[in-house]
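Undergrad: Quick one, start03.txt (compact mmCIF, C-alpha atoms and all ligand atoms):
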# COMPACT_ATOMS: atom_id res chain seq x y z
CA MET A 1 6.40 -22.63 -6.92
CA THR A 2 6.61 -20.42 -10.00
CA GLU A 3 9.94 -19.85 -11.77
CA GLY A 4 11.95 -20.35 -8.60
CA ILE A 5 9.67 -18.21 -6.44
CA HIS A 6 7.83 -19.71 -3.46
CA ARG A 7 4.90 -18.05 -1.72
CA ILE A 8 4.70 -18.24 2.07
CA GLU A 9 1.42 -16.93 3.48
CA VAL A 10 2.17 -15.38 6.85
CA PRO A 11 -0.69 -14.54 9.26
CA THR A 12 -1.33 -10.96 10.40
CA PRO A 13 -3.55 -9.52 13.15
CA PHE A 14 -5.11 -7.16 10.58
CA ALA A 15 -8.41 -7.26 8.69
CA VAL A 16 -6.57 -8.00 5.43
CA GLY A 17 -5.70 -11.53 6.64
CA ARG A 18 -2.49 -13.23 5.53
CA VAL A 19 0.34 -11.45 3.78
CA ASN A 20 2.38 -13.04 0.99
CA VAL A 21 6.10 -13.36 1.61
CA TYR A 22 8.00 -14.53 -1.49
CA LEU A 23 11.19 -16.55 -1.40
CA ILE A 24 13.28 -16.08 -4.53
CA ASP A 25 15.34 -19.26 -4.78
CA ASP A 26 18.35 -17.73 -6.50
CA GLU A 27 21.63 -16.10 -5.58
CA PRO A 28 21.31 -14.18 -3.38
CA LEU A 29 18.61 -16.22 -1.64
CA THR A 30 15.99 -13.50 -1.18
CA LEU A 31 12.87 -12.81 0.84
CA VAL A 32 10.44 -10.24 -0.51
CA ASP A 33 8.73 -8.82 2.61
CA THR A 34 8.65 -10.60 5.95
CA GLY A 35 5.25 -10.41 7.61
CA PRO A 36 4.40 -8.57 10.84
CA ASN A 37 6.51 -8.79 14.00
CA SER A 38 4.79 -11.49 16.05
CA ALA A 39 5.75 -14.92 17.37
CA THR A 40 3.01 -16.60 15.32
CA SER A 41 4.09 -14.91 12.11
CA PHE A 42 7.73 -15.72 12.81
CA ASP A 43 6.92 -19.42 13.40
CA GLU A 44 4.90 -19.66 10.20
CA LEU A 45 7.62 -17.91 8.23
CA THR A 46 10.33 -20.27 9.48
CA ASN A 47 8.07 -23.30 8.93
CA GLY A 48 7.30 -22.06 5.42
CA LEU A 49 10.98 -21.73 4.66
CA ALA A 50 11.70 -25.21 6.06
CA ALA A 51 8.96 -26.67 3.84
CA VAL A 52 10.92 -25.53 0.78
CA GLY A 53 14.26 -26.64 2.16
CA HIS A 54 15.67 -23.45 3.63
CA ALA A 55 16.45 -22.08 7.06
CA LEU A 56 16.05 -18.48 8.12
CA GLU A 57 19.82 -18.29 8.51
CA ASP A 58 20.24 -18.99 4.76
CA ILE A 59 18.54 -15.75 3.70
CA GLU A 60 21.03 -13.39 2.04
CA LEU A 61 18.79 -10.49 1.03
CA VAL A 62 15.50 -9.08 2.35
CA ILE A 63 13.57 -6.70 0.09
CA VAL A 64 10.95 -4.43 1.65
CA THR A 65 8.21 -3.52 -0.84
CA HIS A 66 6.65 -0.61 1.09
CA GLN A 67 6.21 1.03 4.48
CA HIS A 68 3.27 -1.00 5.83
CA ILE A 69 3.61 -2.90 9.07
CA ASP A 70 2.17 -6.21 7.78
CA HIS A 71 5.02 -6.34 5.23
CA LEU A 72 8.05 -5.09 7.15
CA GLY A 73 7.50 -6.11 10.78
CA LEU A 74 9.88 -9.07 10.89
CA VAL A 75 12.68 -7.32 8.98
CA SER A 76 14.66 -6.74 12.17
CA ILE A 77 14.68 -10.33 13.42
CA VAL A 78 15.15 -11.84 9.95
CA SER A 79 18.14 -9.62 9.12
CA GLN A 80 19.68 -10.14 12.57
CA ARG A 81 19.37 -13.94 12.51
CA SER A 82 20.54 -14.33 8.94
CA GLY A 83 22.92 -11.40 8.51
CA ALA A 84 21.06 -10.67 5.27
CA ASP A 85 21.33 -7.39 3.43
CA VAL A 86 18.19 -5.27 3.60
CA ALA A 87 17.05 -3.54 0.41
CA ALA A 88 14.41 -0.81 0.14
CA LEU A 89 13.59 2.05 -2.21
CA ASP A 90 15.27 5.34 -1.23
CA VAL A 91 11.97 6.91 -0.14
CA ALA A 92 11.14 3.89 2.08
CA VAL A 93 14.46 3.95 3.94
CA PRO A 94 13.28 6.18 6.85
CA TYR A 95 10.41 3.74 7.56
CA VAL A 96 12.64 0.68 7.54
CA GLN A 97 15.31 2.32 9.68
CA ASN A 98 13.05 4.16 12.11
CA TYR A 99 9.63 2.60 11.90
CA SER A 100 8.16 3.83 15.16
CA LYS A 101 9.13 7.47 14.69
CA GLU A 102 7.86 7.63 11.09
CA ALA A 103 4.60 5.88 12.00
CA GLN A 104 4.08 8.36 14.82
CA LYS A 105 4.47 11.27 12.38
CA ASP A 106 2.00 9.58 10.01
CA ASP A 107 -0.51 9.26 12.84
CA GLU A 108 -0.24 12.95 13.72
CA PHE A 109 -0.81 13.89 10.08
CA ALA A 110 -3.77 11.50 9.86
CA ARG A 111 -5.30 12.83 13.08
CA ALA A 112 -5.38 16.43 11.84
CA MET A 113 -6.79 15.30 8.51
CA MET A 114 -9.57 13.24 10.09
CA LEU A 115 -10.69 16.10 12.35
CA ARG A 116 -10.64 18.59 9.47
CA ASN A 117 -12.84 16.25 7.43
CA GLY A 118 -15.58 15.95 10.02
CA MET A 119 -14.72 12.73 11.80
CA PRO A 120 -15.95 12.89 15.44
CA GLU A 121 -13.24 13.32 18.06
CA ASP A 122 -14.04 10.00 19.82
CA VAL A 123 -13.65 8.04 16.57
CA VAL A 124 -10.35 9.80 15.85
CA SER A 125 -9.07 9.01 19.36
CA ALA A 126 -10.15 5.37 19.09
CA LEU A 127 -8.30 5.06 15.78
CA SER A 128 -5.15 6.65 17.22
CA ALA A 129 -5.24 4.17 20.11
CA VAL A 130 -5.61 1.22 17.74
CA SER A 131 -2.69 2.46 15.67
CA GLN A 132 -0.53 2.90 18.79
CA ALA A 133 -1.37 -0.62 19.93
CA PHE A 134 -0.38 -2.04 16.54
CA ARG A 135 2.97 -0.22 16.59
CA ALA A 136 4.62 -3.26 18.22
CA TRP A 137 4.02 -5.30 15.05
CA GLY A 138 6.60 -3.11 13.32
CA SER A 139 10.38 -3.08 13.68
CA SER A 140 13.46 -1.43 12.26
CA ALA A 141 16.62 -2.51 10.47
CA GLU A 142 19.48 -0.81 8.73
CA VAL A 143 19.01 -0.59 4.96
CA THR A 144 22.28 -1.83 3.46
CA ARG A 145 21.12 -1.70 -0.15
CA VAL A 146 19.29 1.49 -1.14
CA LEU A 147 17.27 1.03 -4.33
CA HIS A 148 16.32 3.69 -6.86
CA ASP A 149 13.46 3.89 -9.33
CA GLY A 150 14.48 2.36 -12.67
CA GLU A 151 17.52 0.44 -11.47
CA GLU A 152 18.17 -3.28 -11.89
CA LEU A 153 18.61 -5.86 -9.17
CA ARG A 154 20.79 -8.67 -10.47
CA PHE A 155 20.62 -12.28 -9.31
CA ARG A 156 22.46 -15.35 -10.63
CA ASP A 157 19.46 -16.46 -12.75
CA ARG A 158 17.38 -13.32 -13.15
CA THR A 159 17.26 -9.55 -13.24
CA LEU A 160 14.52 -7.53 -11.57
CA GLN A 161 13.79 -3.96 -12.62
CA VAL A 162 12.81 -1.73 -9.73
CA HIS A 163 9.88 0.67 -10.23
CA HIS A 164 8.35 3.17 -7.83
CA ARG A 165 4.54 2.94 -8.05
CA PRO A 166 3.14 5.19 -5.29
CA GLY A 167 -0.56 5.41 -4.45
CA HIS A 168 -1.47 2.62 -2.05
CA SER A 169 1.39 4.05 0.02
CA PRO A 170 3.97 6.70 -0.93
CA THR A 171 6.73 4.06 -1.04
CA ASP A 172 5.18 1.23 -3.10
CA THR A 173 7.85 -0.57 -5.09
CA ILE A 174 7.34 -3.26 -7.73
CA PHE A 175 9.87 -5.67 -9.26
CA HIS A 176 9.69 -6.65 -12.91
CA ASP A 177 11.26 -9.75 -14.41
CA ALA A 178 11.02 -8.84 -18.11
CA GLU A 179 12.50 -12.15 -19.30
CA ARG A 180 9.90 -14.23 -17.45
CA ARG A 181 7.13 -11.64 -18.03
CA MET A 182 6.49 -11.60 -14.32
CA LEU A 183 5.84 -8.84 -11.80
CA ILE A 184 6.16 -8.83 -8.02
CA ALA A 185 3.59 -6.13 -7.26
CA ALA A 186 3.07 -6.23 -3.46
CA ASP A 187 -0.02 -4.16 -2.56
CA HIS A 188 0.07 -2.06 -5.72
CA LEU A 189 -2.25 -4.58 -7.42
CA LEU A 190 -4.32 -7.20 -5.60
CA GLY A 191 -6.63 -9.70 -7.29
CA HIS A 192 -9.42 -10.27 -4.77
CA ILE A 193 -9.81 -6.75 -3.35
CA SER A 194 -9.12 -3.25 -4.62
CA SER A 195 -5.97 -1.77 -3.17
CA ASN A 196 -6.67 1.09 -0.69
CA PRO A 197 -5.22 4.42 -1.85
CA LEU A 198 -4.42 5.42 1.73
CA ILE A 199 -3.87 9.10 2.34
CA THR A 200 -0.48 9.24 3.99
CA ARG A 201 1.82 12.03 5.14
CA PRO A 202 3.80 13.17 2.07
CA ILE A 203 7.40 11.96 1.99
CA ASP A 204 8.62 15.33 0.67
CA GLY A 205 7.78 17.00 3.99
CA SER A 206 4.90 19.06 2.60
CA THR A 207 1.90 19.44 4.91
CA GLU A 208 -0.71 19.48 2.15
CA ARG A 209 -3.01 16.50 1.80
CA PRO A 210 -1.66 14.32 -1.03
CA GLN A 211 -3.94 13.11 -3.83
CA ALA A 212 -3.38 9.42 -3.11
CA LEU A 213 -6.02 8.01 -5.47
CA VAL A 214 -4.99 10.29 -8.34
CA THR A 215 -1.38 9.16 -7.82
CA TYR A 216 -2.51 5.55 -7.60
CA LEU A 217 -4.50 5.68 -10.85
CA ARG A 218 -1.46 7.16 -12.61
CA SER A 219 0.69 4.33 -11.24
CA LEU A 220 -1.88 1.75 -12.44
CA GLU A 221 -1.73 3.28 -15.95
CA ALA A 222 2.02 2.65 -15.98
CA THR A 223 1.59 -0.94 -14.79
CA ARG A 224 -1.14 -1.55 -17.35
CA GLU A 225 1.40 -0.82 -20.10
CA MET A 226 3.76 -3.53 -18.88
CA ASP A 227 3.94 -6.80 -20.79
CA VAL A 228 3.53 -9.39 -18.08
CA ASP A 229 1.69 -12.70 -17.83
CA LEU A 230 1.86 -13.15 -14.08
CA VAL A 231 1.54 -10.73 -11.18
CA LEU A 232 2.48 -11.83 -7.67
CA PRO A 233 0.53 -9.65 -5.20
CA GLY A 234 1.08 -8.87 -1.52
CA HIS A 235 -2.15 -10.59 -0.47
CA GLY A 236 -4.16 -13.38 -2.13
CA ASP A 237 -3.54 -15.40 -5.28
CA ALA A 238 -1.50 -14.52 -8.35
CA VAL A 239 -3.12 -12.44 -11.10
CA THR A 240 -2.87 -13.67 -14.69
CA ASP A 241 -4.70 -10.94 -16.64
CA HIS A 242 -3.53 -7.69 -15.15
CA ARG A 243 -4.99 -5.46 -17.90
CA THR A 244 -8.54 -6.74 -17.41
CA LEU A 245 -8.15 -6.40 -13.65
CA ILE A 246 -6.79 -2.84 -13.92
CA ASP A 247 -9.64 -1.89 -16.26
CA GLU A 248 -12.09 -3.24 -13.65
CA ARG A 249 -10.39 -1.07 -11.03
CA PHE A 250 -10.66 2.01 -13.28
CA ALA A 251 -14.39 1.30 -13.76
CA LEU A 252 -14.90 0.81 -10.00
CA HIS A 253 -13.27 4.14 -9.19
CA ARG A 254 -15.28 5.90 -11.94
CA ARG A 255 -18.54 4.53 -10.48
CA ARG A 256 -17.53 5.59 -6.98
CA ALA A 257 -16.60 9.10 -8.13
CA GLU A 258 -19.99 9.48 -9.84
CA LYS A 259 -21.83 8.26 -6.74
CA ILE A 260 -19.95 10.76 -4.59
CA HIS A 261 -20.70 13.52 -7.08
CA ARG A 262 -24.42 12.74 -6.76
CA LEU A 263 -24.17 12.89 -2.96
CA VAL A 264 -22.51 16.32 -2.89
CA ALA A 265 -24.92 17.56 -5.58
CA GLU A 266 -27.79 16.75 -3.15
CA GLU A 267 -26.19 18.87 -0.45
CA PRO A 268 -22.71 20.02 0.59
CA ARG A 269 -21.11 17.43 2.88
CA THR A 270 -17.90 16.70 4.75
CA ALA A 271 -15.86 13.69 3.66
CA TYR A 272 -16.95 11.87 6.82
CA GLU A 273 -20.63 12.49 6.00
CA ILE A 274 -20.03 11.19 2.48
CA ALA A 275 -18.37 8.04 3.89
CA GLN A 276 -21.39 7.48 6.14
CA ALA A 277 -23.80 7.95 3.25
CA MET A 278 -21.76 5.47 1.17
CA TRP A 279 -21.07 2.76 3.72
CA GLY A 280 -23.16 3.50 6.83
CA ASN A 281 -21.68 2.98 10.28
CA ILE A 282 -18.71 0.78 9.51
CA ALA A 283 -16.23 -0.55 12.06
CA VAL A 284 -14.04 2.11 13.65
CA THR A 285 -10.93 0.37 12.33
CA GLN A 286 -12.21 0.86 8.76
CA ALA A 287 -12.96 4.58 9.24
CA TYR A 288 -9.59 5.77 7.93
CA LEU A 289 -9.81 3.54 4.86
CA THR A 290 -13.26 4.84 3.93
CA LEU A 291 -12.24 8.47 4.55
CA SER A 292 -9.23 7.94 2.25
CA GLU A 293 -11.51 6.42 -0.39
CA VAL A 294 -13.89 9.40 -0.26
CA LEU A 295 -11.15 12.04 -0.37
CA GLY A 296 -9.42 10.21 -3.22
CA HIS A 297 -12.56 10.37 -5.35
CA ILE A 298 -13.19 13.97 -4.30
CA ASP A 299 -9.70 14.76 -5.66
CA VAL A 300 -10.60 13.14 -8.99
CA LEU A 301 -13.78 15.27 -9.16
CA LYS A 302 -11.92 18.42 -8.07
CA ASN A 303 -9.35 17.93 -10.81
CA GLU A 304 -12.25 17.60 -13.28
CA GLY A 305 -13.67 20.89 -11.98
CA ARG A 306 -16.87 19.20 -10.75
CA VAL A 307 -16.44 19.58 -7.00
CA ARG A 308 -14.98 22.38 -4.93
CA GLU A 309 -14.07 22.62 -1.30
CA VAL A 310 -15.36 25.25 1.08
CA GLU A 311 -14.10 25.96 4.58
CA ALA A 312 -16.92 25.80 7.14
CA GLY A 313 -15.57 26.55 10.61
CA ASP A 314 -13.01 23.87 11.47
CA ASN A 315 -14.22 21.56 8.73
CA THR A 316 -13.84 21.23 5.00
CA VAL A 317 -17.10 20.78 3.14
CA PHE A 318 -17.45 19.67 -0.48
CA GLU A 319 -20.05 20.93 -2.92
CA ALA A 320 -20.88 20.24 -6.55
CA GLN A 321 -19.46 22.69 -9.03
CA PRO A 322 -21.15 24.44 -10.69
CA PRO A 323 -24.10 24.28 -8.23
CA LEU A 324 -26.85 22.19 -9.85
ZN ZN B 1 0.19 -2.13 2.16
Now, as a test, write the supplied structure out as C-alpha cells.
TA:
Amino acid sequence: MTEGIHRIEVPTPFAVGRVNVYLIDDEPLTLVDTGPNSATSFDELTNGLAAVGHALEDIELVIVTHQHIDHLGLVSIVSQRSGADVAALDVAVPYVQNYSKEAQKDDEFARAMMLRNGMPEDVVSALSAVSQAFRAWGSSAEVTRVLHDGEELRFRDRTLQVHHRPGHSPTDTIFHDAERRMLIAADHLLGHISSNPLITRPIDGSTERPQALVTYLRSLEATREMDVDLVLPGHGDAVTDHRTLIDERFALHRRRAEKIHRLVAEEPRTAYEIAQAMWGNIAVTQAYLTLSEVLGHIDVLKNEGRVREVEAGDNTVFEAQPPL
C-alpha cells in the first residue's frame, strides 16, 4: 500500500496480462478501473478487496480511466452491487454508457483504415472477428459524475486533479495528487512496455485518421513537466523516475521514425508493408498495434516534411520526401 492506495492486479484474457485496479482508501472509498467483465476477474477483484478489509458493497465511487475493455469491463456489476457513483471524463462517457455500440463504431473505422493501408482482407476479417468475440468482456453503466479536464476531485484526505492526456486512447485521463507528488496514470505511462498509441475513431465525429502518436507525444511532454515522485500505471509496477522513462520513450520513437524513414527511402511502401519489414509476420492479434505504430511514426515524419502520402488505387503508399 502507498499513501492509502492499494493495488489489485486483476487478470485479463489479453496479451497485456494483468490490469492494475487501485483502491483509494478514503472517503469516498474509490476504485480506479475495474478489470474486464469475466467471472475470474470478478473473483480476483473481490478477493483483492477482501484482503485489504473491504467488500465490493463498500465501494462508493468507481473512476474509469479510459475506454479500453480491460479497464472498464466490470463497471456494470461493480456499480450495481455497490450502488457506487461512476465517474468518467466527459469524452469517455459514451463508451461507459454504451460500450458495445461505441466499440462497434470503432471497429468499422479501424476496418476501413486497415484496408486502405494495405492489410490483406483475410487478416482484417480475422481481427474483426477477434474484436467481436472480445466484446463480451465489456459492459456499460450510467456515468453519475461527469469529469472535466482541469477539475478537482475531492476526497476526505486528498484532492486529485483531473487531466485529459489523449494518445494511447482518445479518452485517457490521469489523476494528480499534488500534495503527495503522486500520479495515477493508467495506460498513459507504463514502466515495463511502451504504451501503444492506438489509432482510434476520433471522438469529434471527424472521419479523418487521427495522429495518435503525435497526440501522445504532446501528452507525454505535459506529463514530463509534472513534479511527481511516483506514478501508478495501469499495468505493471509503479514508476519512480517518470522523466527518465519519458525521455527513453521519446528516444525510442525517434529511432523508430528514422528506421521507417529509411524503409520508405528504399522504396515507396504501404503502412502494412512497413510493419512487415519492421516486425515480420507477427501474430494476427498484434497486427492493429503494429499498423498503429507505423502510421504514428509516418505522421511524425509527414509533419517534419520528410514523408508524403500518395494514393495508389485503393491503397495509401508512403514515400520519402524529397525523393532521395
Ligand atoms: Zn488502454
Undergrad: At a cut-off of 7 Å and counting only C-alpha atoms and all ligand atoms, what residues surround ligand ZN 1 (chain B)? Please answer as number ranges by chain.
TA: A: 66, 68, 168-169, 187
Undergrad: Report the centre and edge lengths, in Å to one decimal, of an axis-aligned box enclosing every atom of stretch 94-108 of chain A listed in the file, padded by 3 Å on each side, as AutoDock Vina command-line options.
TA:
--center_x 7.4 --center_y 6.8 --center_z 11.0 --size_x 21.8 --size_y 18.3 --size_z 14.3
Undergrad: Given only C-alpha atoms as the basis, pick out the residue of A:Val10, A:Ala51, A:Leu56, A:Ile63 nearest to A:Asn37.
TA: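 Checking each candidate against A:Asn37, we get A:Val10 as the closest.
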Undergrad: Can you tell me, as a PyMOL selection string, which residues sit within 10 Å of (12.9, -14.3, 4.2) in the file's frame, using all atoms listed in the file?
TA: chain A and resi 8+21-24+29-35+45-46+48-49+54-63+74-75+78-79+82+84
Undergrad: Which residue is closest to A:Pro94? Choose from A:Arg154, A:Val130, A:Thr159, A:Ile203 and count all atoms listed in the file.
TA: A:Ile203
Undergrad: Within 9 Å of A:Tyr288, counting all atoms listed in the file, which residues show up once you throw out same-chain ones fewer than 3 positions away? Write them as number ranges by chain, please.
TA: A: 110, 114, 124, 127, 198-199, 284-285, 291-293
Undergrad: I need the residues from that last selection saved to file as an mmCIF file, keeping the file's coordinate frame (with C-alpha atoms), if you can.
TA:
data_model
loop_
_atom_site.group_PDB
_atom_site.id
_atom_site.type_symbol
_atom_site.label_atom_id
_atom_site.label_comp_id
_atom_site.auth_asym_id
_atom_site.auth_seq_id
_atom_site.Cartn_x
_atom_site.Cartn_y
_atom_site.Cartn_z
ATOM 1 C CA ALA A 110 -3.770 11.500 9.860
ATOM 2 C CA MET A 114 -9.570 13.240 10.090
ATOM 3 C CA VAL A 124 -10.350 9.800 15.850
ATOM 4 C CA LEU A 127 -8.300 5.060 15.780
ATOM 5 C CA LEU A 198 -4.420 5.420 1.730
ATOM 6 C CA ILE A 199 -3.870 9.100 2.340
ATOM 7 C CA VAL A 284 -14.040 2.110 13.650
ATOM 8 C CA THR A 285 -10.930 0.370 12.330
ATOM 9 C CA LEU A 291 -12.240 8.470 4.550
ATOM 10 C CA SER A 292 -9.230 7.940 2.250
ATOM 11 C CA GLU A 293 -11.510 6.420 -0.390
#
Undergrad: Find the residues around stretch 209-214 of chain A up to 10 Å (all atoms listed in the file counted), leave out those fewer than 6 positions away in its own chain, and share them as a list in words.
TA: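 My reading of the contact set: Phe109, Ala110, Met113, Pro166, Gly167, His168, Ser169, Pro170, Asn196, Pro197, Leu198, Ile199, Thr200, Arg201, Pro202, Ile203, Leu220, His253, Ser292, Glu293, Val294, Leu295, Gly296, His297, Ile298, Asp299, Val300 and Asn303 of chain A.
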Undergrad: Within 8 Å of A:His261, counting only C-alpha atoms, which residues show up once you throw out same-chain ones fewer than 6 positions away? Write them as a ChimeraX atom specification, please.
TA: /A:301,306-307,320
Undergrad: With C-alpha atoms retained, export the selected residues as a compact mmCIF listing (two decimals), in the coordinates of the input.
TA:
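This went into result.txt:
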# COMPACT_ATOMS: atom_id res chain seq x y z
CA LEU A 301 -13.78 15.27 -9.16
CA ARG A 306 -16.87 19.20 -10.75
CA VAL A 307 -16.44 19.58 -7.00
CA ALA A 320 -20.88 20.24 -6.55
Undergrad: As an exercise, work out the distance from atom CA of A:Lys259 to atom CA of A:Trp279 in Å and give it to one decimal place.
TA: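 Interatomic distance here is 11.8 Å.
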Undergrad: Quick one: everything within 9 Å of stretch 173-186 of chain A, counting only C-alpha atoms, minus sequence neighbours fewer than 6 positions away in the same chain. Send it as a ChimeraX atom specification.
TA: /A:3,20,22,32-33,64-66,71,88-89,149,153,158-166,226-235
Undergrad: Now that the selection is made, can you save its residues with C-alpha atoms as an mmCIF file, in the coordinates of the input?
TA:
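This is the output file again29.cif:
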data_model
loop_
_atom_site.group_PDB
_atom_site.id
_atom_site.type_symbol
_atom_site.label_atom_id
_atom_site.label_comp_id
_atom_site.auth_asym_id
_atom_site.auth_seq_id
_atom_site.Cartn_x
_atom_site.Cartn_y
_atom_site.Cartn_z
ATOM 1 C CA GLU A 3 9.940 -19.850 -11.770
ATOM 2 C CA ASN A 20 2.380 -13.040 0.990
ATOM 3 C CA TYR A 22 8.000 -14.530 -1.490
ATOM 4 C CA VAL A 32 10.440 -10.240 -0.510
ATOM 5 C CA ASP A 33 8.730 -8.820 2.610
ATOM 6 C CA VAL A 64 10.950 -4.430 1.650
ATOM 7 C CA THR A 65 8.210 -3.520 -0.840
ATOM 8 C CA HIS A 66 6.650 -0.610 1.090
ATOM 9 C CA HIS A 71 5.020 -6.340 5.230
ATOM 10 C CA ALA A 88 14.410 -0.810 0.140
ATOM 11 C CA LEU A 89 13.590 2.050 -2.210
ATOM 12 C CA ASP A 149 13.460 3.890 -9.330
ATOM 13 C CA LEU A 153 18.610 -5.860 -9.170
ATOM 14 C CA ARG A 158 17.380 -13.320 -13.150
ATOM 15 C CA THR A 159 17.260 -9.550 -13.240
ATOM 16 C CA LEU A 160 14.520 -7.530 -11.570
ATOM 17 C CA GLN A 161 13.790 -3.960 -12.620
ATOM 18 C CA VAL A 162 12.810 -1.730 -9.730
ATOM 19 C CA HIS A 163 9.880 0.670 -10.230
ATOM 20 C CA HIS A 164 8.350 3.170 -7.830
ATOM 21 C CA ARG A 165 4.540 2.940 -8.050
ATOM 22 C CA PRO A 166 3.140 5.190 -5.290
ATOM 23 C CA MET A 226 3.760 -3.530 -18.880
ATOM 24 C CA ASP A 227 3.940 -6.800 -20.790
ATOM 25 C CA VAL A 228 3.530 -9.390 -18.080
ATOM 26 C CA ASP A 229 1.690 -12.700 -17.830
ATOM 27 C CA LEU A 230 1.860 -13.150 -14.080
ATOM 28 C CA VAL A 231 1.540 -10.730 -11.180
ATOM 29 C CA LEU A 232 2.480 -11.830 -7.670
ATOM 30 C CA PRO A 233 0.530 -9.650 -5.200
ATOM 31 C CA GLY A 234 1.080 -8.870 -1.520
ATOM 32 C CA HIS A 235 -2.150 -10.590 -0.470
#
Undergrad: For a test of reading the model, state the distance in Å between atom CA of A:Gln104 and atom CA of A:Pro13, rounded to one decimal.
TA: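 Taking atom CA of A:Gln104 as the start and atom CA of A:Pro13 as the end point, the length is 19.5 Å.
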Undergrad: Which residue gives the smallest distance to A:Ser38 among A:Gly73, A:Pro268, A:Gly4, A:Gly17, with all atoms listed in the file counted?
TA: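 Ranked by minimum distance to A:Ser38, first place goes to A:Gly73.
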Undergrad: Excluding same-chain residues fewer than 6 positions from A:Val146, what lies within 10 Å of it counting only C-alpha atoms, as a ChimeraX atom specification?
TA: /A:86-93
Undergrad: What is the atom CA of A:Thr171 to atom CA of A:Glu304 distance in Å?
TA: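 Atom-to-atom, atom CA of A:Thr171 to atom CA of A:Glu304, that is 26.3 Å.
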Undergrad: Could you check which of A:Asp25, A:Asp172, A:Glu225, A:Glu151 is closest to A:Arg7, using only C-alpha atoms?
TA: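 Looking only at the distances to A:Arg7, the closest residue turns out to be A:Asp25.
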Undergrad: Name the closest residue to A:Ala136 among the candidates A:Glu311, A:Asp70, A:Glu258, A:Asp85; distances are taken between atoms, counting only C-alpha atoms.
TA: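 Nearest candidate to A:Ala136 out of A:Glu311, A:Asp70, A:Glu258, A:Asp85: A:Asp70.
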Undergrad: Between A:Pro36, A:Pro120, A:Gly191, A:Gly205, which is the closest to A:Phe134 once you count only C-alpha atoms?
TA: A:Pro36
